[in-house]
$ cat structure_28.txt   # compact mmCIF, N, CA and C atoms
# COMPACT_ATOMS: atom_id res chain seq x y z
N MET Q 1 0.85 -1.18 0.00
CA MET Q 1 0.00 0.00 0.00
C MET Q 1 0.89 1.24 0.00
N ALA Q 2 0.55 2.22 -0.81
CA ALA Q 2 1.32 3.46 -0.91
C ALA Q 2 1.13 4.31 0.35
N ASP Q 3 2.10 5.17 0.58
CA ASP Q 3 2.01 6.09 1.72
C ASP Q 3 0.85 7.05 1.52
N PRO Q 4 0.20 7.49 2.62
CA PRO Q 4 -0.90 8.45 2.50
C PRO Q 4 -0.42 9.76 1.87
N LEU Q 5 -1.32 10.44 1.18
CA LEU Q 5 -0.99 11.71 0.53
C LEU Q 5 -0.88 12.85 1.54
N ALA Q 6 -1.40 12.68 2.73
CA ALA Q 6 -1.33 13.69 3.78
C ALA Q 6 -0.78 13.03 5.05
N THR Q 7 -0.22 13.85 5.91
CA THR Q 7 0.37 13.31 7.14
C THR Q 7 -0.59 13.42 8.31
N LEU Q 8 -0.29 12.63 9.31
CA LEU Q 8 -1.07 12.68 10.55
C LEU Q 8 -0.97 14.07 11.18
N GLN Q 9 0.21 14.68 11.11
CA GLN Q 9 0.40 16.02 11.67
C GLN Q 9 -0.48 17.05 10.96
N GLN Q 10 -0.64 16.91 9.65
CA GLN Q 10 -1.52 17.82 8.90
C GLN Q 10 -2.97 17.65 9.35
N LEU Q 11 -3.38 16.39 9.57
CA LEU Q 11 -4.75 16.14 10.02
C LEU Q 11 -4.96 16.69 11.43
N GLU Q 12 -3.98 16.49 12.31
CA GLU Q 12 -4.08 17.03 13.67
C GLU Q 12 -4.17 18.55 13.64
N ALA Q 13 -3.37 19.20 12.81
CA ALA Q 13 -3.42 20.66 12.70
C ALA Q 13 -4.76 21.13 12.17
N ARG Q 14 -5.29 20.41 11.22
CA ARG Q 14 -6.58 20.76 10.62
C ARG Q 14 -7.70 20.65 11.65
N MET Q 15 -7.62 19.62 12.50
CA MET Q 15 -8.68 19.38 13.48
C MET Q 15 -8.42 20.06 14.82
N GLY Q 16 -7.20 20.58 15.00
CA GLY Q 16 -6.89 21.32 16.23
C GLY Q 16 -6.73 20.44 17.46
N ARG Q 17 -6.30 19.21 17.28
CA ARG Q 17 -6.08 18.32 18.41
C ARG Q 17 -5.15 17.18 18.03
N SER Q 18 -4.64 16.49 19.04
CA SER Q 18 -3.75 15.35 18.82
C SER Q 18 -4.52 14.06 19.01
N PHE Q 19 -4.03 13.01 18.37
CA PHE Q 19 -4.67 11.70 18.48
C PHE Q 19 -3.82 10.78 19.33
N GLU Q 20 -4.49 9.92 20.09
CA GLU Q 20 -3.79 8.93 20.91
C GLU Q 20 -4.56 7.62 20.88
N GLY Q 21 -3.87 6.53 21.12
CA GLY Q 21 -4.49 5.21 21.26
C GLY Q 21 -5.26 4.77 20.04
N ALA Q 22 -6.48 4.30 20.29
CA ALA Q 22 -7.33 3.77 19.21
C ALA Q 22 -7.68 4.86 18.20
N GLU Q 23 -7.82 6.09 18.67
CA GLU Q 23 -8.15 7.18 17.77
C GLU Q 23 -6.99 7.47 16.80
N LEU Q 24 -5.77 7.28 17.26
CA LEU Q 24 -4.59 7.44 16.41
C LEU Q 24 -4.61 6.42 15.27
N SER Q 25 -4.92 5.18 15.61
CA SER Q 25 -5.01 4.13 14.58
C SER Q 25 -6.12 4.41 13.59
N MET Q 26 -7.25 4.91 14.09
CA MET Q 26 -8.38 5.23 13.23
C MET Q 26 -8.01 6.38 12.28
N ALA Q 27 -7.31 7.39 12.78
CA ALA Q 27 -6.92 8.53 11.96
C ALA Q 27 -5.94 8.10 10.86
N GLU Q 28 -5.00 7.23 11.21
CA GLU Q 28 -4.05 6.72 10.21
C GLU Q 28 -4.78 5.92 9.13
N ALA Q 29 -5.74 5.09 9.54
CA ALA Q 29 -6.52 4.30 8.58
C ALA Q 29 -7.36 5.21 7.70
N ALA Q 30 -7.93 6.27 8.29
CA ALA Q 30 -8.73 7.22 7.51
C ALA Q 30 -7.88 7.91 6.45
N LEU Q 31 -6.65 8.29 6.80
CA LEU Q 31 -5.75 8.91 5.84
C LEU Q 31 -5.39 7.94 4.70
N ALA Q 32 -5.15 6.68 5.07
CA ALA Q 32 -4.82 5.67 4.05
C ALA Q 32 -6.00 5.44 3.11
N ASP Q 33 -7.21 5.32 3.67
CA ASP Q 33 -8.41 5.10 2.86
C ASP Q 33 -8.71 6.29 1.95
N ALA Q 34 -8.62 7.50 2.52
CA ALA Q 34 -8.88 8.71 1.74
C ALA Q 34 -7.86 8.85 0.61
N SER Q 35 -6.60 8.53 0.90
CA SER Q 35 -5.55 8.60 -0.12
C SER Q 35 -5.83 7.63 -1.26
N ALA Q 36 -6.32 6.45 -0.92
CA ALA Q 36 -6.64 5.45 -1.95
C ALA Q 36 -7.75 5.97 -2.87
N LEU Q 37 -8.77 6.60 -2.30
CA LEU Q 37 -9.85 7.15 -3.13
C LEU Q 37 -9.37 8.30 -3.98
N VAL Q 38 -8.57 9.18 -3.40
CA VAL Q 38 -8.05 10.33 -4.16
C VAL Q 38 -7.19 9.84 -5.32
N ARG Q 39 -6.38 8.82 -5.09
CA ARG Q 39 -5.56 8.26 -6.17
C ARG Q 39 -6.43 7.58 -7.23
N HIS Q 40 -7.52 6.97 -6.79
CA HIS Q 40 -8.42 6.30 -7.74
C HIS Q 40 -9.02 7.31 -8.72
N TYR Q 41 -9.48 8.44 -8.22
CA TYR Q 41 -10.12 9.43 -9.09
C TYR Q 41 -9.11 10.40 -9.72
N GLY Q 42 -7.91 10.50 -9.13
CA GLY Q 42 -6.89 11.40 -9.66
C GLY Q 42 -5.81 10.63 -10.37
N LEU Q 43 -4.58 10.83 -9.92
CA LEU Q 43 -3.42 10.14 -10.47
C LEU Q 43 -2.76 9.34 -9.35
N PRO Q 44 -1.84 8.42 -9.66
CA PRO Q 44 -1.23 7.58 -8.62
C PRO Q 44 -0.42 8.35 -7.58
N TRP Q 45 0.24 9.43 -7.96
CA TRP Q 45 1.06 10.20 -7.03
C TRP Q 45 1.82 9.30 -6.07
N ALA Q 46 2.76 8.55 -6.61
CA ALA Q 46 3.55 7.59 -5.83
C ALA Q 46 4.38 8.26 -4.75
N ILE Q 47 4.81 9.49 -5.01
CA ILE Q 47 5.56 10.25 -4.00
C ILE Q 47 4.59 11.28 -3.41
N PRO Q 48 4.15 11.07 -2.16
CA PRO Q 48 3.15 11.97 -1.59
C PRO Q 48 3.53 13.44 -1.61
N SER Q 49 4.81 13.74 -1.45
CA SER Q 49 5.22 15.15 -1.44
C SER Q 49 5.07 15.79 -2.82
N ALA Q 50 4.93 14.99 -3.86
CA ALA Q 50 4.75 15.50 -5.22
C ALA Q 50 3.27 15.70 -5.57
N ALA Q 51 2.38 15.27 -4.69
CA ALA Q 51 0.95 15.42 -4.96
C ALA Q 51 0.56 16.89 -4.90
N PRO Q 52 -0.34 17.33 -5.78
CA PRO Q 52 -0.79 18.72 -5.76
C PRO Q 52 -1.51 19.06 -4.46
N ASP Q 53 -1.48 20.33 -4.10
CA ASP Q 53 -2.14 20.78 -2.87
C ASP Q 53 -3.62 20.43 -2.83
N VAL Q 54 -4.27 20.48 -3.98
CA VAL Q 54 -5.71 20.17 -4.04
C VAL Q 54 -5.94 18.71 -3.65
N ALA Q 55 -5.10 17.80 -4.13
CA ALA Q 55 -5.24 16.38 -3.80
C ALA Q 55 -5.02 16.15 -2.30
N VAL Q 56 -4.05 16.86 -1.73
CA VAL Q 56 -3.78 16.73 -0.29
C VAL Q 56 -4.97 17.29 0.51
N ALA Q 57 -5.50 18.43 0.08
CA ALA Q 57 -6.64 19.03 0.78
C ALA Q 57 -7.87 18.11 0.74
N ILE Q 58 -8.12 17.47 -0.40
CA ILE Q 58 -9.26 16.56 -0.50
C ILE Q 58 -9.03 15.34 0.38
N THR Q 59 -7.80 14.84 0.42
CA THR Q 59 -7.47 13.71 1.30
C THR Q 59 -7.74 14.07 2.75
N LEU Q 60 -7.30 15.24 3.16
CA LEU Q 60 -7.50 15.68 4.55
C LEU Q 60 -8.98 15.88 4.87
N ALA Q 61 -9.73 16.45 3.93
CA ALA Q 61 -11.17 16.67 4.15
C ALA Q 61 -11.90 15.35 4.34
N ALA Q 62 -11.59 14.37 3.49
CA ALA Q 62 -12.25 13.06 3.59
C ALA Q 62 -11.86 12.35 4.89
N ALA Q 63 -10.59 12.41 5.25
CA ALA Q 63 -10.14 11.77 6.49
C ALA Q 63 -10.78 12.45 7.70
N GLU Q 64 -10.87 13.76 7.66
CA GLU Q 64 -11.50 14.50 8.77
C GLU Q 64 -12.97 14.10 8.93
N ARG Q 65 -13.68 13.96 7.83
CA ARG Q 65 -15.08 13.54 7.93
C ARG Q 65 -15.18 12.19 8.63
N ARG Q 66 -14.27 11.28 8.30
CA ARG Q 66 -14.28 9.95 8.91
C ARG Q 66 -13.98 10.01 10.40
N VAL Q 67 -12.97 10.81 10.77
CA VAL Q 67 -12.58 10.90 12.18
C VAL Q 67 -13.67 11.59 13.00
N ARG Q 68 -14.27 12.62 12.47
CA ARG Q 68 -15.32 13.34 13.21
C ARG Q 68 -16.60 12.52 13.35
N ASN Q 69 -16.87 11.66 12.39
CA ASN Q 69 -18.13 10.92 12.39
C ASN Q 69 -17.85 9.47 11.99
N PRO Q 70 -17.15 8.70 12.85
CA PRO Q 70 -16.74 7.35 12.46
C PRO Q 70 -17.90 6.39 12.19
N GLU Q 71 -19.03 6.61 12.84
CA GLU Q 71 -20.18 5.72 12.63
C GLU Q 71 -21.00 6.09 11.41
N GLY Q 72 -20.75 7.27 10.85
CA GLY Q 72 -21.48 7.70 9.66
C GLY Q 72 -22.89 8.15 9.94
N PHE Q 73 -23.14 8.67 11.14
CA PHE Q 73 -24.49 9.14 11.48
C PHE Q 73 -24.85 10.36 10.65
N ARG Q 74 -26.10 10.40 10.23
CA ARG Q 74 -26.62 11.56 9.51
C ARG Q 74 -27.43 12.46 10.44
N MET Q 75 -27.87 11.89 11.56
CA MET Q 75 -28.71 12.66 12.48
C MET Q 75 -28.46 12.23 13.91
N GLU Q 76 -28.47 13.20 14.82
CA GLU Q 76 -28.42 12.85 16.23
C GLU Q 76 -29.38 13.76 16.97
N MET Q 77 -29.97 13.21 18.03
CA MET Q 77 -30.98 13.95 18.77
C MET Q 77 -30.90 13.54 20.23
N GLU Q 78 -30.96 14.55 21.10
CA GLU Q 78 -31.05 14.29 22.53
C GLU Q 78 -31.87 15.40 23.15
N GLY Q 79 -33.00 15.02 23.72
CA GLY Q 79 -33.89 16.02 24.29
C GLY Q 79 -34.38 16.95 23.20
N SER Q 80 -34.21 18.27 23.42
CA SER Q 80 -34.65 19.24 22.43
C SER Q 80 -33.55 19.54 21.40
N TYR Q 81 -32.35 18.99 21.60
CA TYR Q 81 -31.25 19.20 20.66
C TYR Q 81 -31.37 18.23 19.50
N GLN Q 82 -31.21 18.75 18.29
CA GLN Q 82 -31.25 17.90 17.11
C GLN Q 82 -30.26 18.44 16.10
N TYR Q 83 -29.50 17.54 15.48
CA TYR Q 83 -28.53 17.90 14.44
C TYR Q 83 -28.69 16.91 13.30
N GLN Q 84 -28.76 17.43 12.07
CA GLN Q 84 -28.93 16.55 10.93
C GLN Q 84 -28.07 17.04 9.76
N LEU Q 85 -27.36 16.09 9.15
CA LEU Q 85 -26.59 16.38 7.95
C LEU Q 85 -27.51 16.25 6.74
N PRO Q 86 -27.24 16.99 5.69
CA PRO Q 86 -28.06 16.82 4.48
C PRO Q 86 -27.87 15.42 3.91
N ALA Q 87 -28.88 14.93 3.24
CA ALA Q 87 -28.82 13.59 2.66
C ALA Q 87 -27.69 13.48 1.63
N SER Q 88 -27.32 14.60 1.02
CA SER Q 88 -26.26 14.58 0.01
C SER Q 88 -24.86 14.59 0.61
N ALA Q 89 -24.75 14.82 1.92
CA ALA Q 89 -23.43 14.88 2.56
C ALA Q 89 -22.81 13.49 2.61
N PRO Q 90 -21.53 13.39 2.24
CA PRO Q 90 -20.88 12.07 2.29
C PRO Q 90 -20.58 11.67 3.72
N THR Q 91 -20.53 10.39 3.98
CA THR Q 91 -20.14 9.89 5.29
C THR Q 91 -18.89 9.04 5.11
N GLY Q 92 -18.18 8.83 6.19
CA GLY Q 92 -16.94 8.06 6.09
C GLY Q 92 -15.93 8.81 5.26
N VAL Q 93 -15.13 8.10 4.49
CA VAL Q 93 -14.13 8.76 3.64
C VAL Q 93 -14.64 8.98 2.22
N ALA Q 94 -15.92 8.80 2.00
CA ALA Q 94 -16.47 9.00 0.66
C ALA Q 94 -16.19 10.43 0.19
N LEU Q 95 -15.97 10.58 -1.10
CA LEU Q 95 -15.70 11.89 -1.68
C LEU Q 95 -16.99 12.48 -2.23
N THR Q 96 -17.08 13.80 -2.17
CA THR Q 96 -18.22 14.48 -2.76
C THR Q 96 -18.05 14.50 -4.28
N GLN Q 97 -19.13 14.75 -4.98
CA GLN Q 97 -19.05 14.82 -6.44
C GLN Q 97 -18.13 15.96 -6.87
N SER Q 98 -18.17 17.07 -6.15
CA SER Q 98 -17.29 18.19 -6.54
C SER Q 98 -15.82 17.84 -6.31
N GLU Q 99 -15.51 17.06 -5.27
CA GLU Q 99 -14.14 16.62 -5.05
C GLU Q 99 -13.69 15.67 -6.17
N ILE Q 100 -14.57 14.78 -6.56
CA ILE Q 100 -14.27 13.86 -7.67
C ILE Q 100 -14.03 14.64 -8.95
N ASP Q 101 -14.86 15.64 -9.22
CA ASP Q 101 -14.71 16.46 -10.42
C ASP Q 101 -13.37 17.21 -10.40
N LEU Q 102 -13.00 17.75 -9.23
CA LEU Q 102 -11.71 18.44 -9.11
C LEU Q 102 -10.56 17.50 -9.42
N LEU Q 103 -10.62 16.28 -8.88
CA LEU Q 103 -9.55 15.31 -9.11
C LEU Q 103 -9.48 14.90 -10.57
N ARG Q 104 -10.61 14.73 -11.21
CA ARG Q 104 -10.62 14.38 -12.64
C ARG Q 104 -10.04 15.51 -13.47
N ASP Q 105 -10.39 16.76 -13.13
CA ASP Q 105 -9.82 17.90 -13.83
C ASP Q 105 -8.31 17.97 -13.61
N LEU Q 106 -7.90 17.75 -12.38
CA LEU Q 106 -6.49 17.81 -12.02
C LEU Q 106 -5.68 16.75 -12.76
N SER Q 107 -6.28 15.60 -12.97
CA SER Q 107 -5.57 14.50 -13.62
C SER Q 107 -5.68 14.54 -15.15
N GLY Q 108 -6.50 15.46 -15.66
CA GLY Q 108 -6.66 15.55 -17.10
C GLY Q 108 -7.63 14.53 -17.67
N ARG Q 109 -8.33 13.85 -16.78
CA ARG Q 109 -9.31 12.86 -17.25
C ARG Q 109 -10.64 13.55 -17.47
N GLY Q 110 -11.11 13.49 -18.68
CA GLY Q 110 -12.41 14.07 -18.98
C GLY Q 110 -13.42 12.97 -19.19
N GLY Q 111 -14.63 13.38 -19.40
CA GLY Q 111 -15.66 12.40 -19.69
C GLY Q 111 -15.59 11.97 -21.15
N ILE Q 112 -16.39 11.03 -21.50
CA ILE Q 112 -16.45 10.57 -22.89
C ILE Q 112 -17.32 11.54 -23.66
N VAL Q 113 -16.84 11.96 -24.80
CA VAL Q 113 -17.56 12.90 -25.63
C VAL Q 113 -17.79 12.25 -26.98
N SER Q 114 -18.99 12.39 -27.50
CA SER Q 114 -19.33 11.84 -28.80
C SER Q 114 -19.37 12.97 -29.82
N VAL Q 115 -18.65 12.79 -30.89
CA VAL Q 115 -18.64 13.78 -31.96
C VAL Q 115 -19.01 13.07 -33.25
N GLU Q 116 -20.03 13.60 -33.92
CA GLU Q 116 -20.46 13.00 -35.18
C GLU Q 116 -19.44 13.29 -36.26
N VAL Q 117 -19.04 12.29 -36.96
CA VAL Q 117 -18.07 12.45 -38.04
C VAL Q 117 -18.79 12.14 -39.36
N GLN Q 118 -18.73 13.08 -40.27
CA GLN Q 118 -19.31 12.88 -41.59
C GLN Q 118 -18.23 13.09 -42.62
N ARG Q 119 -18.13 12.18 -43.55
CA ARG Q 119 -17.15 12.28 -44.62
C ARG Q 119 -17.85 12.71 -45.90
N PRO Q 120 -17.14 13.47 -46.71
CA PRO Q 120 -17.72 13.79 -48.01
C PRO Q 120 -17.76 12.53 -48.88
N TYR Q 121 -18.60 12.51 -49.86
CA TYR Q 121 -18.65 11.36 -50.76
C TYR Q 121 -18.50 11.86 -52.20
N VAL Q 122 -18.19 10.95 -53.13
CA VAL Q 122 -17.90 11.30 -54.51
C VAL Q 122 -19.05 10.84 -55.41
N VAL Q 123 -19.51 11.76 -56.27
CA VAL Q 123 -20.48 11.44 -57.30
C VAL Q 123 -20.01 12.15 -58.57
N ASP Q 124 -19.86 11.41 -59.63
CA ASP Q 124 -19.46 12.00 -60.91
C ASP Q 124 -18.19 12.84 -60.80
N ASP Q 125 -17.18 12.33 -60.14
CA ASP Q 125 -15.90 13.02 -59.99
C ASP Q 125 -15.97 14.34 -59.22
N THR Q 126 -17.06 14.62 -58.54
CA THR Q 126 -17.17 15.82 -57.71
C THR Q 126 -17.40 15.39 -56.26
N TRP Q 127 -16.70 16.03 -55.36
CA TRP Q 127 -16.86 15.73 -53.92
C TRP Q 127 -18.01 16.55 -53.36
N TYR Q 128 -18.82 15.93 -52.50
CA TYR Q 128 -19.94 16.62 -51.85
C TYR Q 128 -19.80 16.43 -50.34
N ALA Q 129 -20.09 17.49 -49.60
CA ALA Q 129 -20.00 17.43 -48.13
C ALA Q 129 -21.37 17.75 -47.54
N PRO Q 130 -21.74 17.10 -46.44
CA PRO Q 130 -23.03 17.39 -45.81
C PRO Q 130 -23.03 18.79 -45.22
N VAL Q 131 -24.21 19.40 -45.15
CA VAL Q 131 -24.38 20.73 -44.57
C VAL Q 131 -25.18 20.57 -43.29
N ALA Q 132 -24.63 21.06 -42.19
CA ALA Q 132 -25.30 20.92 -40.89
C ALA Q 132 -26.69 21.55 -40.94
N GLY Q 133 -27.68 20.83 -40.42
CA GLY Q 133 -29.04 21.32 -40.34
C GLY Q 133 -29.79 21.32 -41.66
N SER Q 134 -29.25 20.64 -42.67
CA SER Q 134 -29.88 20.64 -43.98
C SER Q 134 -29.78 19.25 -44.59
N THR Q 135 -30.67 18.99 -45.52
CA THR Q 135 -30.57 17.72 -46.26
C THR Q 135 -29.78 17.92 -47.55
N GLU Q 136 -29.37 19.16 -47.82
CA GLU Q 136 -28.59 19.48 -49.01
C GLU Q 136 -27.13 19.11 -48.80
N TYR Q 137 -26.42 18.85 -49.91
CA TYR Q 137 -24.99 18.58 -49.88
C TYR Q 137 -24.30 19.67 -50.69
N LEU Q 138 -23.15 20.09 -50.24
CA LEU Q 138 -22.40 21.17 -50.85
C LEU Q 138 -21.28 20.62 -51.73
N PRO Q 139 -21.21 21.03 -53.00
CA PRO Q 139 -20.09 20.58 -53.82
C PRO Q 139 -18.78 21.09 -53.21
N TRP Q 140 -17.79 20.22 -53.16
CA TRP Q 140 -16.56 20.57 -52.46
C TRP Q 140 -15.36 20.35 -53.37
N GLY Q 141 -15.43 20.83 -54.54
CA GLY Q 141 -14.31 20.73 -55.46
C GLY Q 141 -14.32 19.43 -56.23
N VAL Q 142 -13.45 19.36 -57.18
CA VAL Q 142 -13.31 18.15 -58.00
C VAL Q 142 -11.91 17.62 -57.82
N PRO Q 143 -11.66 16.33 -58.14
CA PRO Q 143 -10.30 15.81 -58.00
C PRO Q 143 -9.30 16.68 -58.76
N GLY Q 144 -8.19 16.95 -58.16
CA GLY Q 144 -7.19 17.82 -58.73
C GLY Q 144 -7.29 19.24 -58.21
N ASP Q 145 -8.47 19.62 -57.67
CA ASP Q 145 -8.65 20.94 -57.07
C ASP Q 145 -7.85 20.96 -55.74
N PRO Q 146 -6.99 21.97 -55.49
CA PRO Q 146 -6.20 21.99 -54.26
C PRO Q 146 -7.06 22.02 -52.99
N GLY Q 147 -8.29 22.49 -53.10
CA GLY Q 147 -9.16 22.53 -51.93
C GLY Q 147 -9.97 21.28 -51.72
N ALA Q 148 -9.89 20.34 -52.65
CA ALA Q 148 -10.68 19.11 -52.57
C ALA Q 148 -10.08 18.18 -51.51
N PRO Q 149 -10.92 17.41 -50.84
CA PRO Q 149 -10.41 16.46 -49.85
C PRO Q 149 -9.62 15.35 -50.53
N ARG Q 150 -8.76 14.74 -49.79
CA ARG Q 150 -7.94 13.66 -50.34
C ARG Q 150 -8.31 12.36 -49.71

$ encode --input "structure_28.txt" --output "structure tokens"
Amino acid sequence: MADPLATLQQLEARMGRSFEGAELSMAEAALADASALVRHYGLPWAIPSAAPDVAVAITLAAAERRVRNPEGFRMEMEGSYQYQLPASAPTGVALTQSEIDLLRDLSGRGGIVSVEVQRPYVVDDTWYAPVAGSTEYLPWGVPGDPGAPR
């Protein structure tokens, strides 16, 4: 398993406290899990110090969510006190859609795009090309014409 993209010290600084005992082990596991997800949607970043700041920030955010809410509760209530996370909020080390989009942009991975390709065809030694939004075809030169397709 590769080293986490963020350090335990960075997570402690982000959360404003130190970890000890079982919580220390949980924080280390959260960093490892978050790093694995960030690498899955981004790039491998084999050397953690070479990872972009955005990838490190997303790793820390996901690990922090896990440490703050290890059980993945969406709602808690006691007496008149009630707290509820939105249904769209990720739990555990799951990444948000915007984090995934950032990582895909960072890695240069785009979505699949479909582009219609139309080739001109030849009739009577003249090339014809389709015209967008029309059923008409445009004459596109004759063989030997420098502007004609090859």

$ atom_distance --input "structure_28.txt" --atom1 "CA of Pro4 (chain Q)" --atom2 "CA of Met75 (chain Q)"
29.8 Å

$ select_by_dssp --input "structure_28.txt" --residues "chain Q" --states "helix (DSSP H, G or I)" --output "ChimeraX atom specification"
/Q:8-15,21-41,48-50,53-68,97-107

$ atom_distance --input "structure_28.txt" --atom1 "CA of Arg74 (chain Q)" --atom2 "CA of Ala61 (chain Q)"
17.1 Å

$ closest_atom_pairs --input "structure_28.txt" --of "region 72-123 of chain Q" --to "region 40-51 of chain Q" --cutoff "6 Å" --atoms "all atoms listed in the file" --output "tab-separated table"
residue	atom	partner	partner_atom	distance
Q:Leu103	C	Q:Gly42	CA	4.4
Q:Arg104	N	Q:Tyr41	C	4.8
Q:Ser107	CA	Q:Gly42	C	5.1

$ closest_residue --input "structure_28.txt" --among "Q:Ala22, Q:Ala87, Q:Leu5, Q:Leu106" --to "Leu60 (chain Q)" --atoms "all atoms listed in the file"
Q:Leu5

$ select_by_dssp --input "structure_28.txt" --residues "region 5-86 of chain Q" --states "strand (DSSP E or B)" --output "list in words"
Met75, Glu76, Met77, Glu78, Tyr81, Gln82, Tyr83 and Gln84 of chain Q

$ write_last_selection --input "structure_28.txt" --atoms "N, CA and C atoms" --output "short mmCIF file (atom, residue, chain, number, x, y, z; two decimals), in the coordinates of the input"
data_model
loop_
_atom_site.label_atom_id
_atom_site.label_comp_id
_atom_site.auth_asym_id
_atom_site.auth_seq_id
_atom_site.Cartn_x
_atom_site.Cartn_y
_atom_site.Cartn_z
N MET Q 75 -27.87 11.89 11.56
CA MET Q 75 -28.71 12.66 12.48
C MET Q 75 -28.46 12.23 13.91
N GLU Q 76 -28.47 13.20 14.82
CA GLU Q 76 -28.42 12.85 16.23
C GLU Q 76 -29.38 13.76 16.97
N MET Q 77 -29.97 13.21 18.03
CA MET Q 77 -30.98 13.95 18.77
C MET Q 77 -30.90 13.54 20.23
N GLU Q 78 -30.96 14.55 21.10
CA GLU Q 78 -31.05 14.29 22.53
C GLU Q 78 -31.87 15.40 23.15
N TYR Q 81 -32.35 18.99 21.60
CA TYR Q 81 -31.25 19.20 20.66
C TYR Q 81 -31.37 18.23 19.50
N GLN Q 82 -31.21 18.75 18.29
CA GLN Q 82 -31.25 17.90 17.11
C GLN Q 82 -30.26 18.44 16.10
N TYR Q 83 -29.50 17.54 15.48
CA TYR Q 83 -28.53 17.90 14.44
C TYR Q 83 -28.69 16.91 13.30
N GLN Q 84 -28.76 17.43 12.07
CA GLN Q 84 -28.93 16.55 10.93
C GLN Q 84 -28.07 17.04 9.76
#

$ atom_distance --input "structure_28.txt" --atom1 "CA of Ser80 (chain Q)" --atom2 "CA of Glu23 (chain Q)"
29.5 Å

$ residues_around --input "structure_28.txt" --residues "Ala6 (chain Q)" --least-positions-apart "3" --cutoff "8 Å" --atoms "all atoms listed in the file" --output "list in words"
Asp3, Gln9, Gln10, Leu11, Leu31, Ala32, Ala34, Ser35, Pro48, Ser49, Ala55, Val56, Ala57, Thr59 and Leu60 of chain Q

$ residues_around --input "structure_28.txt" --residues "Arg65 (chain Q)" --least-positions-apart "4" --cutoff "7 Å" --atoms "only C-alpha atoms" --output "PDB file with N, CA and C atoms, in the coordinates of the input"
ATOM      1  N   ALA Q  61      -9.730  16.450   3.930  1.00  0.00           N
ATOM      2  CA  ALA Q  61     -11.170  16.670   4.150  1.00  0.00           C
ATOM      3  C   ALA Q  61     -11.900  15.350   4.340  1.00  0.00           C
ATOM      4  N   ASN Q  69     -16.870  11.660  12.390  1.00  0.00           N
ATOM      5  CA  ASN Q  69     -18.130  10.920  12.390  1.00  0.00           C
ATOM      6  C   ASN Q  69     -17.850   9.470  11.990  1.00  0.00           C
ATOM      7  N   THR Q  91     -20.530  10.390   3.980  1.00  0.00           N
ATOM      8  CA  THR Q  91     -20.140   9.890   5.290  1.00  0.00           C
ATOM      9  C   THR Q  91     -18.890   9.040   5.110  1.00  0.00           C
ATOM     10  N   GLY Q  92     -18.180   8.830   6.190  1.00  0.00           N
ATOM     11  CA  GLY Q  92     -16.940   8.060   6.090  1.00  0.00           C
ATOM     12  C   GLY Q  92     -15.930   8.810   5.260  1.00  0.00           C
ATOM     13  N   VAL Q  93     -15.130   8.100   4.490  1.00  0.00           N
ATOM     14  CA  VAL Q  93     -14.130   8.760   3.640  1.00  0.00           C
ATOM     15  C   VAL Q  93     -14.640   8.980   2.220  1.00  0.00           C
TER      16      VAL Q  93
END
